[in-house]
file work.cif (mmCIF, C-alpha atoms and all ligand atoms)
data_my_file
#
loop_
_atom_site.label_atom_id
_atom_site.label_comp_id
_atom_site.auth_asym_id
_atom_site.auth_seq_id
_atom_site.Cartn_x
_atom_site.Cartn_y
_atom_site.Cartn_z
CA MET A 129 -4.02 64.76 -27.26
CA LYS A 130 -0.69 64.75 -29.06
CA GLN A 131 1.02 64.30 -25.71
CA ILE A 132 -1.16 61.29 -24.81
CA PHE A 133 -0.48 59.75 -28.22
CA ALA A 134 3.28 60.29 -27.74
CA SER A 135 3.18 58.73 -24.26
CA VAL A 136 1.26 55.69 -25.58
CA LEU A 137 3.87 55.28 -28.33
CA ILE A 138 6.71 55.48 -25.79
CA LEU A 139 4.95 52.97 -23.54
CA MET A 140 4.43 50.59 -26.46
CA GLY A 141 8.09 50.98 -27.37
CA MET A 142 9.12 50.14 -23.81
CA LEU A 143 6.78 47.15 -23.74
CA GLY A 144 8.24 45.97 -27.03
CA GLN A 145 11.70 46.23 -25.53
CA VAL A 146 10.67 44.24 -22.47
CA VAL A 147 9.16 41.50 -24.68
CA ALA A 148 12.24 41.51 -26.92
CA GLN A 149 14.44 41.36 -23.84
CA SER A 150 12.53 38.48 -22.28
CA ASN A 151 12.61 36.59 -25.60
CA LYS A 152 16.32 37.23 -25.68
CA THR A 153 16.91 35.85 -22.18
CA GLN A 154 14.41 33.04 -22.61
CA PRO A 155 14.93 31.50 -26.03
CA MET A 156 12.34 28.98 -27.17
CA PHE A 157 12.93 25.28 -27.54
CA LYS A 158 10.89 23.98 -30.46
CA PRO A 159 11.03 20.19 -30.34
CA GLY A 160 11.16 18.50 -33.73
CA GLU A 161 11.91 21.64 -35.73
CA ILE A 162 15.11 22.40 -37.62
CA TRP A 163 17.54 23.71 -34.98
CA ARG A 164 20.13 26.05 -36.46
CA ASP A 165 23.59 26.65 -35.03
CA THR A 166 25.25 30.07 -35.09
CA ASN A 167 26.26 29.42 -38.72
CA GLY A 168 22.62 28.88 -39.66
CA GLU A 169 23.07 25.13 -40.17
CA HIS A 170 20.89 22.41 -38.64
CA ILE A 171 22.73 21.04 -35.61
CA ASN A 172 24.43 17.75 -36.45
CA ALA A 173 24.85 15.96 -33.10
CA HIS A 174 22.56 12.94 -33.00
CA GLY A 175 22.37 10.32 -30.23
CA GLY A 176 24.07 12.97 -28.19
CA GLY A 177 25.19 13.64 -24.67
CA MET A 178 26.05 16.76 -22.77
CA LEU A 179 28.86 17.97 -20.55
CA PHE A 180 28.76 21.18 -18.53
CA HIS A 181 32.22 22.61 -18.07
CA LYS A 182 33.34 26.03 -16.85
CA GLY A 183 30.07 27.83 -17.54
CA ARG A 184 29.32 26.24 -20.88
CA TYR A 185 27.39 23.26 -22.10
CA TYR A 186 29.08 21.01 -24.64
CA TRP A 187 26.85 18.86 -26.81
CA PHE A 188 28.55 15.83 -28.35
CA GLY A 189 26.77 13.72 -30.94
CA GLU A 190 26.94 11.60 -34.04
CA HIS A 191 27.81 13.58 -37.14
CA LYS A 192 25.42 12.35 -39.81
CA VAL A 193 25.53 12.80 -43.57
CA ALA A 194 22.71 12.93 -46.16
CA GLY A 195 21.53 9.62 -47.62
CA ARG A 196 21.23 6.13 -46.16
CA GLU A 197 25.04 5.70 -45.90
CA GLY A 198 25.05 8.82 -43.73
CA ASN A 199 24.32 6.72 -40.64
CA LYS A 200 27.91 5.53 -40.80
CA ALA A 201 30.76 7.48 -39.26
CA LEU A 202 32.07 9.48 -42.22
CA VAL A 203 33.32 12.48 -40.24
CA GLY A 204 33.31 11.66 -36.52
CA VAL A 205 31.80 13.04 -33.35
CA SER A 206 30.45 16.59 -33.44
CA CYS A 207 30.82 19.09 -30.65
CA TYR A 208 28.76 22.24 -30.10
CA SER A 209 28.98 24.73 -27.26
CA SER A 210 26.39 27.00 -25.64
CA LYS A 211 25.82 29.14 -22.60
CA ASP A 212 22.03 29.14 -22.74
CA LEU A 213 21.33 25.66 -24.17
CA ASN A 214 19.65 27.23 -27.15
CA THR A 215 22.29 29.07 -29.16
CA TRP A 216 24.89 26.56 -30.30
CA LYS A 217 28.29 27.17 -31.84
CA ASN A 218 29.78 24.38 -33.92
CA GLU A 219 33.17 23.54 -32.40
CA GLY A 220 33.96 21.15 -35.27
CA PRO A 221 34.58 17.42 -35.03
CA SER A 222 35.91 16.51 -31.59
CA LEU A 223 36.85 12.95 -32.56
CA SER A 224 37.62 12.48 -36.25
CA VAL A 225 37.40 9.19 -38.09
CA ASP A 226 40.62 7.78 -39.52
CA ALA A 227 41.21 7.58 -43.27
CA GLU A 228 39.41 4.95 -45.29
CA GLY A 229 41.59 1.91 -45.77
CA SER A 230 43.73 2.76 -42.76
CA GLY A 231 42.52 -0.38 -40.99
CA SER A 232 41.89 1.67 -37.86
CA GLU A 233 38.95 0.59 -35.71
CA ILE A 234 37.46 4.04 -36.22
CA GLU A 235 38.12 4.30 -39.91
CA LYS A 236 35.72 6.17 -42.16
CA GLY A 237 32.68 3.90 -42.68
CA SER A 238 32.70 2.35 -39.22
CA VAL A 239 29.69 3.04 -36.96
CA ILE A 240 30.13 5.45 -34.06
CA GLU A 241 26.97 5.98 -32.03
CA ARG A 242 25.78 7.71 -28.87
CA PRO A 243 29.08 9.39 -27.85
CA LYS A 244 29.19 10.63 -24.25
CA VAL A 245 31.91 12.74 -22.66
CA ILE A 246 32.76 13.01 -18.97
CA TYR A 247 35.45 15.02 -17.20
CA ASN A 248 37.90 13.32 -14.86
CA GLU A 249 38.73 15.69 -12.00
CA LYS A 250 41.80 13.66 -10.98
CA THR A 251 43.50 13.35 -14.37
CA ARG A 252 41.97 16.56 -15.76
CA LYS A 253 41.19 14.69 -18.95
CA PHE A 254 38.00 14.63 -20.96
CA VAL A 255 36.96 11.06 -21.63
CA MET A 256 34.64 10.04 -24.47
CA TRP A 257 32.99 6.63 -24.73
CA PHE A 258 30.83 5.54 -27.66
CA HIS A 259 29.23 2.50 -29.25
CA LEU A 260 31.55 1.24 -31.98
CA GLU A 261 30.83 -1.12 -34.85
CA LEU A 262 33.72 -2.09 -37.07
CA LYS A 263 33.63 -1.25 -40.75
CA GLY A 264 31.93 -3.81 -42.96
CA GLN A 265 30.65 -5.90 -40.05
CA GLY A 266 27.16 -4.47 -39.65
CA TYR A 267 26.29 -4.39 -35.96
CA SER A 268 28.05 -7.63 -35.04
CA ALA A 269 31.15 -6.25 -33.30
CA ALA A 270 29.09 -4.63 -30.48
CA ARG A 271 32.05 -2.85 -28.88
CA THR A 272 32.49 0.23 -26.75
CA GLY A 273 35.27 2.65 -27.68
CA VAL A 274 37.12 5.25 -25.66
CA ALA A 275 38.98 8.42 -26.58
CA VAL A 276 40.63 11.11 -24.48
CA ALA A 277 41.41 14.83 -24.75
CA ASP A 278 43.06 17.62 -22.77
CA LYS A 279 40.56 20.19 -24.04
CA VAL A 280 36.83 19.74 -23.84
CA THR A 281 36.30 20.36 -27.55
CA GLY A 282 39.13 18.00 -28.48
CA PRO A 283 40.85 16.82 -30.53
CA TYR A 284 40.10 13.47 -28.87
CA THR A 285 42.68 10.73 -29.28
CA TYR A 286 41.23 7.29 -29.85
CA LEU A 287 42.62 4.78 -27.35
CA LYS A 288 40.90 1.43 -27.84
CA SER A 289 37.63 -0.46 -27.98
CA VAL A 290 36.55 -3.39 -25.84
CA ARG A 291 33.99 -6.05 -25.31
CA PRO A 292 33.70 -5.34 -21.56
CA HIS A 293 34.25 -7.78 -18.71
CA ALA A 294 36.00 -10.64 -20.49
CA GLY A 295 36.32 -13.52 -18.03
CA VAL A 296 34.26 -11.81 -15.34
CA TRP A 297 30.80 -12.77 -14.08
CA PRO A 298 28.42 -9.97 -13.14
CA GLU A 299 27.85 -9.41 -9.42
CA ASN A 300 24.31 -10.71 -9.74
CA ALA A 301 25.20 -13.85 -11.73
CA THR A 302 23.73 -16.98 -10.19
CA GLU A 303 25.54 -20.24 -9.52
CA ALA A 304 23.57 -21.69 -12.45
CA HIS A 305 24.93 -19.00 -14.77
CA LYS A 306 28.41 -20.15 -13.90
CA THR A 307 27.86 -23.90 -14.02
CA GLU A 308 24.86 -24.80 -16.20
CA PRO A 309 25.37 -23.86 -19.86
CA ILE A 310 22.25 -22.81 -21.78
CA THR A 311 22.33 -23.77 -25.44
CA VAL A 312 20.40 -21.60 -27.84
CA THR A 313 20.08 -21.91 -31.61
CA ASP A 314 18.99 -19.19 -34.06
CA ASN A 315 15.53 -20.66 -34.64
CA ASP A 316 15.02 -21.80 -31.08
CA PRO A 317 11.35 -21.26 -30.16
CA ASP A 318 12.56 -20.37 -26.65
CA TRP A 319 15.25 -18.00 -27.92
CA GLU A 320 14.03 -14.90 -26.01
CA GLN A 321 13.58 -16.87 -22.81
CA LYS A 322 16.99 -18.53 -23.02
CA VAL A 323 18.76 -15.27 -23.86
CA ALA A 324 17.01 -13.59 -20.93
CA ALA A 325 18.16 -16.49 -18.76
CA GLY A 326 21.77 -15.72 -19.69
CA ALA A 327 22.64 -17.79 -22.80
CA PHE A 328 24.65 -14.91 -24.31
CA LEU A 329 26.11 -13.86 -20.99
CA GLN A 330 27.64 -17.34 -20.90
CA ARG A 331 28.53 -17.38 -24.62
CA ASP A 332 30.43 -14.08 -24.31
CA PHE A 333 32.03 -14.79 -20.93
CA LYS A 334 35.50 -15.39 -22.38
CA GLN A 335 35.57 -12.81 -25.19
CA GLY A 336 33.76 -10.04 -23.31
CA GLN A 337 30.15 -8.89 -23.25
CA MET A 338 28.37 -7.15 -26.13
CA SER A 339 28.01 -3.39 -25.77
CA ARG A 340 25.70 -1.38 -28.04
CA ASP A 341 23.49 1.61 -27.07
CA MET A 342 25.28 3.22 -24.17
CA THR A 343 25.51 6.14 -21.84
CA LEU A 344 27.76 7.28 -18.99
CA PHE A 345 26.83 8.58 -15.58
CA VAL A 346 29.17 10.22 -13.05
CA ASP A 347 27.95 10.07 -9.47
CA ASP A 348 28.50 12.78 -6.82
CA ASP A 349 31.48 10.83 -5.43
CA GLY A 350 33.16 10.81 -8.85
CA THR A 351 32.39 7.15 -9.62
CA ALA A 352 31.66 6.75 -13.32
CA TYR A 353 29.29 4.13 -14.67
CA HIS A 354 28.99 2.74 -18.19
CA ILE A 355 25.44 1.63 -18.99
CA ALA A 356 24.89 -0.36 -22.18
CA SER A 357 22.54 -2.67 -24.03
CA SER A 358 24.20 -6.07 -23.97
CA GLU A 359 23.34 -9.71 -24.73
CA GLU A 360 21.94 -8.85 -28.20
CA ASN A 361 20.20 -5.79 -26.75
CA ARG A 362 18.15 -7.98 -24.43
CA THR A 363 19.75 -7.03 -21.10
CA LEU A 364 21.35 -3.85 -19.78
CA HIS A 365 24.79 -4.05 -18.21
CA ILE A 366 25.83 -1.40 -15.72
CA GLY A 367 29.55 -1.37 -15.02
CA LYS A 368 31.85 0.79 -12.92
CA LEU A 369 34.77 2.43 -14.70
CA LYS A 370 38.21 2.67 -13.14
CA ASP A 371 39.28 5.92 -11.47
CA ASP A 372 40.76 7.34 -14.67
CA TYR A 373 37.51 6.47 -16.54
CA LEU A 374 39.57 4.83 -19.30
CA SER A 375 38.73 1.20 -18.59
CA PHE A 376 36.30 -1.05 -16.74
CA THR A 377 36.58 -2.39 -13.21
CA ASP A 378 35.35 -5.95 -12.68
CA GLU A 379 32.17 -4.67 -11.04
CA TYR A 380 29.13 -4.95 -13.23
CA VAL A 381 25.53 -6.10 -13.05
CA ARG A 382 22.77 -7.32 -15.35
CA VAL A 383 19.68 -5.14 -15.21
CA PHE A 384 16.22 -6.07 -16.51
CA PRO A 385 17.26 -9.41 -18.10
CA GLY A 386 15.35 -9.93 -21.32
CA GLY A 387 13.83 -6.46 -20.97
CA ARG A 388 14.91 -5.33 -24.49
CA ASN A 389 16.03 -1.91 -23.34
CA GLU A 390 17.95 0.46 -25.62
CA ALA A 391 18.92 4.14 -25.52
CA PRO A 392 19.57 4.39 -21.76
CA ALA A 393 19.68 7.81 -20.09
CA ILE A 394 20.40 8.18 -16.36
CA PHE A 395 19.94 11.03 -13.92
CA LYS A 396 19.86 11.51 -10.17
CA LYS A 397 17.34 13.38 -8.05
CA ASP A 398 17.06 13.49 -4.25
CA GLY A 399 19.52 10.60 -3.87
CA LYS A 400 17.62 8.31 -6.24
CA TYR A 401 18.77 7.19 -9.68
CA TYR A 402 16.33 7.36 -12.57
CA MET A 403 16.64 5.73 -15.93
CA ILE A 404 14.74 6.37 -19.15
CA THR A 405 15.13 3.87 -21.98
CA SER A 406 13.41 2.83 -25.18
CA GLY A 407 12.29 -0.57 -26.36
CA LEU A 408 13.98 -2.40 -29.19
CA THR A 409 12.70 -1.55 -32.69
CA GLY A 410 15.72 -0.36 -34.69
CA TRP A 411 15.31 3.23 -35.92
CA ALA A 412 11.53 3.10 -35.46
CA PRO A 413 10.15 4.79 -32.36
CA ASN A 414 8.49 2.80 -29.58
CA PRO A 415 7.12 3.42 -26.07
CA ALA A 416 9.71 4.74 -23.61
CA ARG A 417 10.25 3.13 -20.23
CA SER A 418 11.41 4.53 -16.91
CA ALA A 419 12.92 3.02 -13.79
CA VAL A 420 14.21 4.03 -10.37
CA SER A 421 16.71 2.72 -7.87
CA ASP A 422 18.45 3.77 -4.65
CA ASN A 423 21.64 2.24 -5.95
CA MET A 424 23.15 2.20 -9.45
CA MET A 425 24.22 -1.42 -9.05
CA ARG A 426 21.07 -3.02 -7.68
CA GLY A 427 17.38 -2.72 -7.00
CA TRP A 428 16.15 -1.17 -10.27
CA LYS A 429 12.34 -1.02 -10.39
CA SER A 430 10.24 -0.25 -13.42
CA LEU A 431 8.11 2.91 -13.30
CA GLY A 432 6.43 2.32 -16.65
CA ASN A 433 6.05 4.63 -19.63
CA PRO A 434 6.99 8.20 -18.61
CA VAL A 435 4.99 9.73 -21.47
CA ARG A 436 1.65 11.36 -20.73
CA GLY A 437 -0.49 12.38 -23.68
CA THR A 438 -2.22 10.88 -26.69
CA GLU A 439 -2.10 7.20 -27.66
CA GLU A 440 0.32 8.06 -30.46
CA GLU A 441 2.60 10.01 -28.12
CA LEU A 442 2.59 7.13 -25.66
CA SER A 443 3.34 4.51 -28.28
CA THR A 444 6.08 6.47 -30.08
CA THR A 445 7.58 8.72 -27.37
CA PHE A 446 6.73 11.75 -29.55
CA LEU A 447 8.26 9.84 -32.52
CA SER A 448 11.62 9.78 -30.79
CA GLN A 449 14.11 7.72 -28.82
CA SER A 450 15.89 8.83 -25.64
CA THR A 451 19.56 9.73 -25.64
CA TYR A 452 20.28 11.78 -22.48
CA VAL A 453 18.70 13.50 -19.52
CA LEU A 454 20.37 16.80 -18.83
CA PRO A 455 20.42 18.38 -15.36
CA VAL A 456 20.12 22.14 -15.96
CA GLN A 457 22.79 24.09 -14.07
CA GLY A 458 21.69 26.55 -11.43
CA GLN A 459 18.11 25.27 -11.27
CA LYS A 460 17.20 22.73 -8.64
CA ASP A 461 15.53 19.59 -9.99
CA ALA A 462 15.40 20.94 -13.54
CA PHE A 463 15.95 18.20 -16.10
CA ILE A 464 15.67 18.09 -19.86
CA PHE A 465 14.83 14.88 -21.70
CA MET A 466 16.88 14.75 -24.91
CA ALA A 467 15.79 12.40 -27.66
CA ASP A 468 16.27 11.77 -31.36
CA ARG A 469 13.66 11.71 -34.05
CA TRP A 470 15.68 9.56 -36.45
CA ARG A 471 15.47 9.91 -40.21
CA PRO A 472 17.33 6.72 -41.22
CA ASN A 473 17.03 7.41 -44.97
CA ASN A 474 18.37 10.93 -44.63
CA PRO A 475 20.02 10.94 -41.20
CA ILE A 476 21.36 14.49 -41.41
CA ASP A 477 17.73 15.63 -41.22
CA GLY A 478 17.18 13.87 -37.87
CA ARG A 479 15.41 16.11 -35.35
CA TYR A 480 15.89 16.73 -31.66
CA ILE A 481 13.11 16.32 -29.15
CA TRP A 482 13.93 18.19 -25.95
CA LEU A 483 11.23 18.29 -23.29
CA PRO A 484 11.10 19.11 -19.58
CA VAL A 485 11.13 16.16 -17.19
CA PHE A 486 8.60 16.64 -14.41
CA PHE A 487 7.84 14.50 -11.43
CA GLU A 488 4.37 13.29 -10.59
CA ASP A 489 3.80 10.72 -7.82
CA GLY A 490 7.53 10.13 -7.64
CA LYS A 491 7.74 9.26 -11.34
CA PRO A 492 9.46 11.15 -14.15
CA VAL A 493 6.86 12.41 -16.61
CA LEU A 494 7.16 13.73 -20.16
CA ARG A 495 4.52 15.78 -21.93
CA TRP A 496 4.57 17.30 -25.38
CA LEU A 497 5.12 21.04 -25.72
CA GLU A 498 5.17 22.80 -29.09
CA GLU A 499 7.58 25.32 -27.64
CA TRP A 500 8.94 26.13 -24.21
CA THR A 501 11.65 28.04 -22.36
CA LEU A 502 13.91 27.23 -19.42
CA SER A 503 11.51 29.05 -17.10
CA ASP A 504 8.96 26.31 -17.86
CA LEU A 505 11.20 23.92 -15.95
CA LYS A 506 10.29 25.58 -12.68
CA PRO A 507 7.33 23.90 -11.02
CA LYS A 508 4.62 26.40 -10.03
CA ARG A 509 4.52 25.17 -6.47
CA ARG A 510 6.79 22.76 -4.71
CA GLY A 511 6.15 19.23 -5.94
CA GLU A 512 3.70 20.30 -8.61
CA SER A 513 4.40 20.92 -12.25
CA ARG A 514 2.39 23.31 -14.38
CA TYR A 515 1.34 20.25 -16.34
CA ALA A 516 0.05 18.24 -13.40
CA GLU A 517 -3.64 17.37 -13.68
C1 LIG B 1 18.54 1.74 -32.27
C2 LIG B 1 19.62 2.41 -31.53
O1 LIG B 1 19.10 3.04 -30.40
C3 LIG B 1 20.34 3.42 -32.39
O2 LIG B 1 21.32 4.05 -31.67
C4 LIG B 1 20.88 2.68 -33.57
O3 LIG B 1 21.83 1.75 -33.16
C5 LIG B 1 19.76 1.96 -34.29
N1 LIG B 1 19.08 1.06 -33.40
C6 LIG B 1 20.27 1.17 -35.47
O4 LIG B 1 19.23 0.42 -36.03
#
call {"tool": "encode", "arguments": {"input": "work.cif", "output": "structure tokens", "more": "lines below"}}
Ligand code: DGJ
result
Amino acid sequence: MKQIFASVLILMGMLGQVVAQSNKTQPMFKPGEIWRDTNGEHINAHGGGMLFHKGRYYWFGEHKVAGREGNKALVGVSCYSSKDLNTWKNEGPSLSVDAEGSGSEIEKGSVIERPKVIYNEKTRKFVMWFHLELKGQGYSAARTGVAVADKVTGPYTYLKSVRPHAGVWPENATEAHKTEPITVTDNDPDWEQKVAAGAFLQRDFKQGQMSRDMTLFVDDDGTAYHIASSEENRTLHIGKLKDDYLSFTDEYVRVFPGGRNEAPAIFKKDGKYYMITSGLTGWAPNPARSAVSDNMMRGWKSLGNPVRGTEEELSTTFLSQSTYVLPVQGQKDAFIFMADRWRPNNPIDGRYIWLPVFFEDGKPVLRWLEEWTLSDLKPKRRGESRYAE
């Protein structure tokens, strides 16, 4: 009897070890909960993007501070590193703001949002682009800034900011865009219609196009694209960067004119490009959108709201707004939707919503999970997710 009892105890011990081991190798993602770094502090990398480099993921994001003013750039761009996407080490600020009163474009109190970092194989430089608003000017500057570093974690050196494509028409501009000016006034009853038709494209032709919520995407051939909300957030602009990724080529297109898309995130699967965006409601959540194309520069087609779930989940995207879609290394067709649950009155408490992206009927699909692990990214059978009805 004693022997049986001892064997059962040993077995239970072994089972415990197996469970502990599997928990260790498969850490849980808990969307919306406080997510602590290796110092025990809630990760501070909002509106973020991800770079995989030499076996590690690097998460760049907005460093936020407590209180309403904490939405401004008071510190800079955070960087965290991880091997398993779950345990994150704070690598400190990668791009630091300049001193208050310095007059620098990135001085303390400016707005730095949605930083994204890409690696340039040719120059061996890490290139960071971000939405920049100049200090004391609200959101009127609508610029995109660029910084560069030799090391992935930085320090990044700020180079410049631009209103892209000054003096250049987009590839899909019409003859009318170029020759028939559209006048629009603030209280114009046809304001939305006229802006969608290109009133601000024309207005900003000389000085360069507005650039707010943005992301970057590097294609398999090394071409880098800058995707941003332009024309007062009414129309997306997709532009090709030059080979060194430090400036724009003259190639750009308007996508979904008047579509009010913000928070773009791009990924590629089976040769097709997918885009997830939000609508336009400030910090408040709204229904996400998705789109597909065979070509980054043309042919984008709407695929509708990618969220599947309750009415509330559909109308608020799980109370969040997209920021990035991360292809998981070493797993075919495994993608993570990264989004922000903003807390505008106490931005440091903003939460991260990470969820698997599945494909159903050729469309990216997002469903709520209280908790999940990387193994949940594997579809049960080819073409079918464990969540498919
Ligand atoms: C929505 C954008 O997606 C955010 O990045 C931020 O710019 C807020 N608007 C500001 O209201």
call {"tool": "residues_around", "arguments": {"input": "work.cif", "residues": "Lys192 in chain A", "least_positions_apart": "4", "cutoff": "6 Å", "atoms": "only C-alpha atoms", "output": "VMD selection string"}}
result
chain A and resid 198 to 199 475 to 476
call {"tool": "residues_near_ligand", "arguments": {"input": "work.cif", "ligand": "ligand LIG 1 (chain B)", "cutoff": "9 Å", "atoms": "all atoms listed in the file", "output": "list in words"}}
result
Gly175, Asn199, Val239, Glu241, Arg242, His259, Tyr267, Arg340, Asp341, Met342, Glu390, Ala391, Pro392, Ser406, Gly407, Leu408, Thr409, Gly410, Trp411, Ala412, Pro413, Gln449, Ser450, Thr451, Trp470 and Pro472 of chain A
call {"tool": "closest_residue", "arguments": {"input": "work.cif", "among": "A:Asp347, A:Glu499, A:Asp226, A:Glu303", "to": "Lys158 in chain A", "atoms": "all atoms listed in the file"}}
result
A:Glu499
call {"tool": "residues_around", "arguments": {"input": "work.cif", "residues": "Asp461 in chain A", "least_positions_apart": "3", "cutoff": "8 Å", "atoms": "all atoms listed in the file", "output": "PyMOL selection string"}}
result
chain A and resi 397+455-456
call {"tool": "write_last_selection", "arguments": {"input": "work.cif", "atoms": "C-alpha atoms", "output": "mmCIF file, in the frame of the given file"}}
result
data_model
loop_
_atom_site.group_PDB
_atom_site.id
_atom_site.type_symbol
_atom_site.label_atom_id
_atom_site.label_comp_id
_atom_site.auth_asym_id
_atom_site.auth_seq_id
_atom_site.Cartn_x
_atom_site.Cartn_y
_atom_site.Cartn_z
ATOM 1 C CA LYS A 397 17.340 13.380 -8.050
ATOM 2 C CA PRO A 455 20.420 18.380 -15.360
ATOM 3 C CA VAL A 456 20.120 22.140 -15.960
#
call {"tool": "atom_distance", "arguments": {"input": "work.cif", "atom1": "CA of Glu235 in chain A", "atom2": "CA of Gly273 in chain A"}}
result
12.7 Å
call {"tool": "closest_residue", "arguments": {"input": "work.cif", "among": "A:Gly336, A:Gly204, A:Gly295, A:Gly237", "to": "Pro283 in chain A", "atoms": "only C-alpha atoms"}}
result
A:Gly204
call {"tool": "residues_around", "arguments": {"input": "work.cif", "residues": "Val312 in chain A", "least_positions_apart": "4", "cutoff": "8 Å", "atoms": "only C-alpha atoms", "output": "CSV table (one decimal) with C-alpha atoms, in the coordinates of the input"}}
result
chain,number,residue,atom,x,y,z
A,316,ASP,CA,15.0,-21.8,-31.1
A,319,TRP,CA,15.2,-18.0,-27.9
A,322,LYS,CA,17.0,-18.5,-23.0
A,323,VAL,CA,18.8,-15.3,-23.9
A,327,ALA,CA,22.6,-17.8,-22.8
call {"tool": "atom_distance", "arguments": {"input": "work.cif", "atom1": "CA of Gly437 in chain A", "atom2": "CA of Thr405 in chain A"}}
result
17.9 Å
call {"tool": "atom_distance", "arguments": {"input": "work.cif", "atom1": "CA of Asp349 in chain A", "atom2": "CA of Val296 in chain A"}}
result
24.9 Å
call {"tool": "residues_near_point", "arguments": {"input": "work.cif", "point": "(30.7, -0.7, -34.4)", "cutoff": "9 Å", "atoms": "all atoms listed in the file", "output": "ChimeraX atom specification"}}
result
/A:233-234,238-241,259-263,265-273,340
call {"tool": "residues_around", "arguments": {"input": "work.cif", "residues": "Trp428 in chain A", "least_positions_apart": "6", "cutoff": "12 Å", "atoms": "only C-alpha atoms", "output": "count of residues only"}}
result
18
call {"tool": "closest_residue", "arguments": {"input": "work.cif", "among": "A:Leu447, A:Val290, A:Met466, A:Val435", "to": "Leu483 in chain A", "atoms": "only C-alpha atoms"}}
result
A:Met466
call {"tool": "residues_around", "arguments": {"input": "work.cif", "residues": "range 208-219 of chain A", "least_positions_apart": "5", "cutoff": "10 Å", "atoms": "only C-alpha atoms", "output": "VMD selection string"}}
result
chain A and resid 153 to 158 163 to 169 171 to 173 178 to 189 280 to 282 456 501 to 502
call {"tool": "closest_residue", "arguments": {"input": "work.cif", "among": "A:Gln330, A:Thr438, A:Thr311, A:Gln457", "to": "Arg495 in chain A", "atoms": "all atoms listed in the file"}}
result
A:Thr438
call {"tool": "closest_residue", "arguments": {"input": "work.cif", "among": "A:Gln321, A:Thr302, A:Asn423, A:Ser339", "to": "Gly387 in chain A", "atoms": "only C-alpha atoms"}}
result
A:Gln321
call {"tool": "closest_residue", "arguments": {"input": "work.cif", "among": "A:Pro298, A:Gly195, A:Gly386, A:Gly326", "to": "Asn474 in chain A", "atoms": "all atoms listed in the file"}}
result
A:Gly195
call {"tool": "build_atoms", "arguments": {"input": "work.cif", "residues": "range 454-465 of chain A", "atoms": "N, CA and C atoms", "output": "tab-separated table (two decimals), keeping the file's coordinate frame"}}
result
chain	number	residue	atom	x	y	z
A	454	LEU	N	19.43	15.75	-19.20
A	454	LEU	CA	20.37	16.80	-18.83
A	454	LEU	C	19.92	17.56	-17.58
A	455	PRO	N	20.73	17.53	-16.51
A	455	PRO	CA	20.42	18.38	-15.36
A	455	PRO	C	20.80	19.82	-15.70
A	456	VAL	N	19.85	20.74	-15.61
A	456	VAL	CA	20.12	22.14	-15.96
A	456	VAL	C	20.85	22.81	-14.80
A	457	GLN	N	21.96	23.47	-15.10
A	457	GLN	CA	22.79	24.09	-14.07
A	457	GLN	C	22.06	25.26	-13.43
A	458	GLY	N	22.22	25.38	-12.12
A	458	GLY	CA	21.69	26.55	-11.43
A	458	GLY	C	20.20	26.48	-11.16
A	459	GLN	N	19.54	25.43	-11.56
A	459	GLN	CA	18.11	25.27	-11.27
A	459	GLN	C	17.94	23.94	-10.57
A	460	LYS	N	17.36	23.99	-9.38
A	460	LYS	CA	17.20	22.73	-8.64
A	460	LYS	C	16.14	21.85	-9.34
A	461	ASP	N	16.45	20.58	-9.43
A	461	ASP	CA	15.53	19.59	-9.99
A	461	ASP	C	15.00	19.99	-11.37
A	462	ALA	N	15.83	20.61	-12.17
A	462	ALA	CA	15.40	20.94	-13.54
A	462	ALA	C	16.14	20.00	-14.49
A	463	PHE	N	15.36	19.20	-15.21
A	463	PHE	CA	15.95	18.20	-16.10
A	463	PHE	C	15.33	18.31	-17.49
A	464	ILE	N	16.17	18.10	-18.49
A	464	ILE	CA	15.67	18.09	-19.86
A	464	ILE	C	15.86	16.70	-20.46
A	465	PHE	N	14.79	16.16	-20.99
A	465	PHE	CA	14.83	14.88	-21.70
A	465	PHE	C	15.29	15.18	-23.13
